[in-house]
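Contents: one structure, followed by commentary.
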Amino acid sequence: MALDTALVMILAGGEGKRLYPLTRDRAKPAVPFGGRYRIIDFVINNFINSGFYKIKILTQYKSDSLNQHIARSWPVSPILGQYIDLVPAQMRTNGNWYQGTADAVYQNITHIHDENPKHVCVFGGDHIYRMDVSQMMRFHKKKEAALTISAIPIPISQAGEFGIIEVDDEWKLTGFQEKPKSTPKSIPGRPDMCLASMGNYIFESQDLVREVEEDSKNSESNHDFGKNIIPKMLKEGKKVYIYDFSQNEYTGMTESERGYWRDVGSIDSYWQANMDLLDYDPELNLYCTDWPLRTYNYNLPPAKFLREEAERVGMATNSMVSEGCVISGGSISRCILSPQVRINSFANVTDSILMENVNVGRYSEIKKAIIDKNVDIPPYTKIGFNKEEDKARGFVISLGGVTVVPKGAKL
């Protein structure tokens with residue numbers, strides 16, 4: 001199947017307020033994940049691995065970190081018609097920033113006109129998952145849909161956290177509720193489950209252009225796909241179908257990975273998704289080489305573990321340690337370390353995420369924490385043991401008890 005007719009537009013301008021302070025200096029898609037990746041790497045890899053090579057990344061909020069990552073990590077071949085272009089917000093309409101997801105596409109509609117694709121894939125850039133998008137495209141074409149939305153089955157008890165989709169036996173859209181307060185309609189044949197929108201769409205190009213242009217003229221609209229475009233298309237009887245993400249398969253996938261998708265929109269969900277990577281049989285296996293997860297390659301030496309002298313042992317258990325790290329007489333357990341982290345003698349770190357260029361001083365103790373990059377932790381420091389002390393030092397404490405030390409914090 002020729003995929004070169006499809007234009008990909010990745011929405012990567014999200015502010016990610018619930019991830020503060022990790023998003024204090026960067027957009028949500030640029031937040032590090034799994035030690036050496038960025039959140040946006042997942043959606044880009046999904047498209048590249050699926051055979052889609054014409055990609056526009058729409059940025060807006062504090063995009064410098066994201067811009068640098070994309071520019072340095074993702075060279076493709078223009079001579080073959082391939083590109084991954086960064087598209088900054090240009091305030092093309094009324095001098096405004098993007099007013100919603102649909103407005104973001106509308107303000108960049110010239111790219112659709114210039115490329116003249118048959119299909120446009122509009123995907124979010126801030127979720128953790130693996131997906132063969134070509135299977136969704138085949139479903140879209142088979143149904144001759146104007147719009148196909150990918151959705152994931154979730155327990156009805158969680159419906160209030162997502163945009164909920166209702167379908168008939170043919171998986172055609174029959175209803176859509178944004179974070180419903182009442183019990184939504186279940187999936188046909190599965191009374192305990194409902195369908196949550198993943199915010200990933202495949203449009204027929206002419207339908208997308210018409211819908212966002214009409215929406216731009218509606219002063220009462222939120223200019224959002226979930227709140228406005230989809231309900232309007234449903235009301236008008238357009239052919240909108242739902243793709244069941246739980247049926248998606250990719251090369252090298254294990255059964256435990258089927259349907260894995262995480263919205264890491266809060267500190268607690270972000271911390272838990274990282275910790276899940278440490279399981280013996282994780283739901284998301286970063287070590288699958290058949291469906292590679294590419295990112296920027298650091299020119300750093302391998303991780304090093306130093307000293308074995310009585311209690312002074314450099315040791316890591318149930319952890320992921322990136323290149324350039326030095327574990328020098330300290331110990332870590334259930335931790336994820338980004339490049340160039342140093343753990344000094346007699347320090348102990350557990351259940352934590354340490355980002356790039358963090359230094360943990362001697363005899364320090366850290367538990368259930370996220371330490372953002374470029375933080376120098378003095379000797380004998382304790383983090384994650386006393387909430388009041390941590391708050392007094394300017395740290396953020398999540399509802400689930402995760403302590404977050406901001407980027408570049410001075411302790």
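Scheme for the structure tokens: letters A, B, ... for chains in order shown; per-chain residue numbers from 1; ligand numbers from 1 in order shown.
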Who sits within 6 Å of region 228-244 of chain A, only C-alpha atoms, same chain under 5 positions skipped, as a list of chain:residue names: A:Ala145, A:Ala146, A:Leu147, A:Thr148, A:Ile149, A:Ser150, A:Ala151, A:Trp171, A:Lys172, A:Leu173
Where in region 212-387 of chain A does DSSP assign strand (DSSP E), given as a ChimeraX atom specification? /A:240-244,261-262,304-306,308-309,312-313,315-317,320-321,326-328,331-337,342-343,348-354,359-360,365-367,369-371,376-377,382-383
Find the spatial neighbours of Gly400 (chain A), counting only C-alpha atoms, within a cut-off of 6 Å - ignore same-chain residues fewer than 2 positions away - and output them as a list in words. Asp268, Ser398 and Val402 of chain A
Point-to-point distance in Å for CA of Pro88 (chain A) and CA of Val133 (chain A):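 Separation between CA of Val133 (chain A) and CA of Pro88 (chain A): 24.8 Å.
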With distances taken over only C-alpha atoms, the candidate from A:Arg130, A:Lys367, A:Glu255, A:Leu306 nearest Ile39 (chain A) is A:Arg130
